[in-house]
Amino acid sequence: HQIVDDWRDFLEKRITDGPAIRRAKILPFRFLKAHGEIKTPWLRDALKTAVENSIGALPDMPGKTGILLDVSGSMAGEYLQTGGVLAFALFKKTNGETQFLTFNDCLHDPRPSLTDSIIGQAERLKGTDGTDTGIGIRYWTKEKEHLDNIIIITDEQQNTGTPFTEALKEYRQSVNPETVAFVIDVAPYKGRMIAPNDEKTYYAYGWSDAVLRYVACTLSGYSNIVGYIEAGWPAVGKPAAEE
């Protein structure tokens, strides 16, 4: 601890250097992992600031996006922390334009803040009760909320049936037939909520920083990561036709 304290000024400046973080493309989740391992209070505070400064390194998400975060009992712990940081970071990235709801067997408004820290907001999330993966989309259908993209972060441990599939189908029929959906499955079970012939829904299993790049590449017009690499690693967030 004494060695760390002796280097406090240098470490605080380096860890919270926004331009350096963006140049290095360090995403919030790296700092979240470090935050979970560190006990020194001032260093934990510096890592919270680093998460805020890393928002600029997040890839752009073209169009209006809705995020659904699973807060059921099976998500409690690391899954929920990581998913929460992703959701709150995207909310801030879009300056609050992202529609963000949490769900278990009920729907909740997490009351995201543009000023409270991302890690602090994620830490307040609690994983409890059962799971209804379709409840958020049914609400957006009822409210006629026009979304270009829907991202659901879940371990897919739903109670019965296929509520997400049925709700998404109804949403596309009633609100926006072109809505693209992304299922980010943070668990290793490799279940599947959507039929394989749904060409507007994409899956990501497990979790890494590459998930957001995959989402952004898809929304930018690349059919897969291979297409993105073959195009010469262009800037994400710009339609492929313009590259």
# chains A, B, ... in the order shown; residues from 1 in each chain; ligands from 1
$ residues_around --residues "His146 (chain A)" --least-positions-apart "2" --cutoff "8 Å" --atoms "only C-alpha atoms" --output "JSON, numbers by chain"
{"A": [64, 140, 144, 148, 175, 176]}
$ write_last_selection --atoms "N, CA and C atoms" --output "PDB file, in the first residue's frame"
ATOM      1  N   LYS A  64     -31.768   4.888 -32.933  1.00  0.00           N
ATOM      2  CA  LYS A  64     -32.263   4.949 -31.562  1.00  0.00           C
ATOM      3  C   LYS A  64     -32.251   3.543 -30.962  1.00  0.00           C
ATOM      4  N   TRP A 140     -42.740  -1.536 -24.829  1.00  0.00           N
ATOM      5  CA  TRP A 140     -42.420  -0.634 -25.935  1.00  0.00           C
ATOM      6  C   TRP A 140     -43.437  -0.759 -27.067  1.00  0.00           C
ATOM      7  N   LYS A 144     -45.783   2.269 -28.386  1.00  0.00           N
ATOM      8  CA  LYS A 144     -45.404   2.615 -29.755  1.00  0.00           C
ATOM      9  C   LYS A 144     -44.040   3.320 -29.784  1.00  0.00           C
ATOM     10  N   ASP A 148     -34.721   1.626 -33.385  1.00  0.00           N
ATOM     11  CA  ASP A 148     -33.987   1.008 -34.490  1.00  0.00           C
ATOM     12  C   ASP A 148     -33.259  -0.248 -34.025  1.00  0.00           C
ATOM     13  N   VAL A 175     -44.849  -1.949 -34.696  1.00  0.00           N
ATOM     14  CA  VAL A 175     -44.129  -0.683 -34.515  1.00  0.00           C
ATOM     15  C   VAL A 175     -43.061  -0.456 -35.583  1.00  0.00           C
ATOM     16  N   ASN A 176     -42.076  -1.338 -35.663  1.00  0.00           N
ATOM     17  CA  ASN A 176     -40.977  -1.126 -36.616  1.00  0.00           C
ATOM     18  C   ASN A 176     -40.490  -2.468 -37.143  1.00  0.00           C
TER      19      ASN A 176
END
$ select_by_dssp --residues "region 33-80 of chain A" --states "helix (DSSP H, G or I)" --output "list in words"
Lys33, Ala34, His35, Gly36, Glu37, Pro41, Trp42, Leu43, Arg44, Asp45, Ala46, Leu47, Lys48, Thr49, Ala50, Val51, Glu52, Asn53, Ile55, Gly56, Ala57, Gly73, Ser74, Met75, Glu78, Tyr79 and Leu80 of chain A
$ residues_around --residues "Gly18 (chain A)" --least-positions-apart "5" --cutoff "9 Å" --atoms "only C-alpha atoms" --output "list of chain:residue names"
A:Arg23, A:Ala50, A:Glu52, A:Asn53, A:Ser54, A:Gly56
$ write_last_selection --atoms "N, CA, C and O atoms" --output "short mmCIF file (atom, residue, chain, number, x, y, z; two decimals), in the first residue's frame"
data_model
loop_
_atom_site.label_atom_id
_atom_site.label_comp_id
_atom_site.auth_asym_id
_atom_site.auth_seq_id
_atom_site.Cartn_x
_atom_site.Cartn_y
_atom_site.Cartn_z
N ARG A 23 -7.47 7.23 -26.95
CA ARG A 23 -6.49 6.80 -27.95
C ARG A 23 -6.20 5.31 -27.85
O ARG A 23 -6.02 4.63 -28.85
N ALA A 50 -12.06 6.98 -14.35
CA ALA A 50 -11.58 6.40 -15.61
C ALA A 50 -12.73 5.82 -16.42
O ALA A 50 -12.77 5.94 -17.65
N GLU A 52 -15.81 6.86 -16.42
CA GLU A 52 -16.52 8.00 -17.02
C GLU A 52 -15.76 8.51 -18.24
O GLU A 52 -16.36 8.83 -19.28
N ASN A 53 -14.44 8.59 -18.14
CA ASN A 53 -13.63 9.12 -19.24
C ASN A 53 -13.48 8.16 -20.40
O ASN A 53 -13.01 8.54 -21.47
N SER A 54 -13.85 6.89 -20.18
CA SER A 54 -13.72 5.90 -21.25
C SER A 54 -14.96 5.83 -22.12
O SER A 54 -14.98 5.08 -23.10
N GLY A 56 -16.01 7.88 -24.21
CA GLY A 56 -15.66 8.31 -25.57
C GLY A 56 -15.04 7.22 -26.41
O GLY A 56 -14.99 7.32 -27.64
#
$ closest_atom_pairs --of "region 15-72 of chain A" --to "region 124-139 of chain A" --cutoff "9 Å" --atoms "only C-alpha atoms" --output "JSON lines"
{"residue": "A:Leu68", "atom": "CA", "partner": "A:Gly136", "partner_atom": "CA", "distance": 6.7}
{"residue": "A:Asp70", "atom": "CA", "partner": "A:Thr131", "partner_atom": "CA", "distance": 7.6}
{"residue": "A:Val71", "atom": "CA", "partner": "A:Gly127", "partner_atom": "CA", "distance": 4.6}
{"residue": "A:Ser72", "atom": "CA", "partner": "A:Thr128", "partner_atom": "CA", "distance": 4.6}
$ write_last_selection --atoms "C-alpha atoms" --output "mmCIF file, in the first residue's frame"
data_model
loop_
_atom_site.group_PDB
_atom_site.id
_atom_site.type_symbol
_atom_site.label_atom_id
_atom_site.label_comp_id
_atom_site.auth_asym_id
_atom_site.auth_seq_id
_atom_site.Cartn_x
_atom_site.Cartn_y
_atom_site.Cartn_z
ATOM 1 C CA LEU A 68 -33.100 -4.294 -21.586
ATOM 2 C CA ASP A 70 -31.937 -8.735 -16.868
ATOM 3 C CA VAL A 71 -31.914 -8.215 -13.068
ATOM 4 C CA SER A 72 -33.341 -11.616 -12.112
#
$ select_by_dssp --residues "region 70-149 of chain A" --states "strand (DSSP E)" --output "ChimeraX atom specification"
/A:70,99-103,107-108,149
$ atom_distance --atom1 "CA of Ala216 (chain A)" --atom2 "CA of Met61 (chain A)"
5.7 Å
$ closest_atom_pairs --of "region 26-58 of chain A" --to "region 83-89 of chain A" --cutoff "8 Å" --atoms "only C-alpha atoms" --output "Markdown table"
| residue | atom | partner | partner_atom | distance |
| --- | --- | --- | --- | --- |
| A:Pro28 | CA | A:Val85 | CA | 7.3 |
| A:Phe29 | CA | A:Val85 | CA | 7.2 |
| A:Leu32 | CA | A:Val85 | CA | 7.9 |
| A:Glu52 | CA | A:Ala89 | CA | 7.9 |
| A:Ile55 | CA | A:Ala89 | CA | 6.3 |
$ closest_residue --among "A:Glu170, A:Val186, A:Ile152, A:Ile38" --to "Tyr202 (chain A)" --atoms "only C-alpha atoms"
A:Ile152
$ atom_distance --atom1 "CA of Ala34 (chain A)" --atom2 "CA of Leu47 (chain A)"
7.6 Å
$ closest_residue --among "A:Ser74, A:Thr94, A:Asn104, A:Thr16" --to "Thr49 (chain A)" --atoms "only C-alpha atoms"
A:Thr16
$ closest_residue --among "A:Asn95, A:Ser174, A:Thr102, A:Thr154" --to "Tyr205 (chain A)" --atoms "only C-alpha atoms"
A:Thr154
$ closest_residue --among "A:Ile15, A:Ile26, A:Leu58, A:Leu80" --to "Leu43 (chain A)" --atoms "only C-alpha atoms"
A:Ile15
$ residues_around --residues "Asp5 (chain A)" --least-positions-apart "6" --cutoff "12 Å" --atoms "only C-alpha atoms" --output "list of chain:residue names"
A:Leu11, A:Glu12, A:Thr40, A:Pro41, A:Trp42, A:Leu43
$ write_last_selection --atoms "C-alpha atoms" --output "mmCIF file, in the first residue's frame"
data_model
loop_
_atom_site.group_PDB
_atom_site.id
_atom_site.type_symbol
_atom_site.label_atom_id
_atom_site.label_comp_id
_atom_site.auth_asym_id
_atom_site.auth_seq_id
_atom_site.Cartn_x
_atom_site.Cartn_y
_atom_site.Cartn_z
ATOM 1 C CA LEU A 11 -1.274 6.996 -10.963
ATOM 2 C CA GLU A 12 -4.291 9.257 -10.537
ATOM 3 C CA THR A 40 -7.272 1.411 -1.829
ATOM 4 C CA PRO A 41 -10.047 4.073 -1.615
ATOM 5 C CA TRP A 42 -8.389 6.826 -3.683
ATOM 6 C CA LEU A 43 -7.424 4.337 -6.386
#
$ closest_residue --among "A:Glu145, A:Asp155, A:Glu123, A:Asp198" --to "His35 (chain A)" --atoms "only C-alpha atoms"
A:Glu123
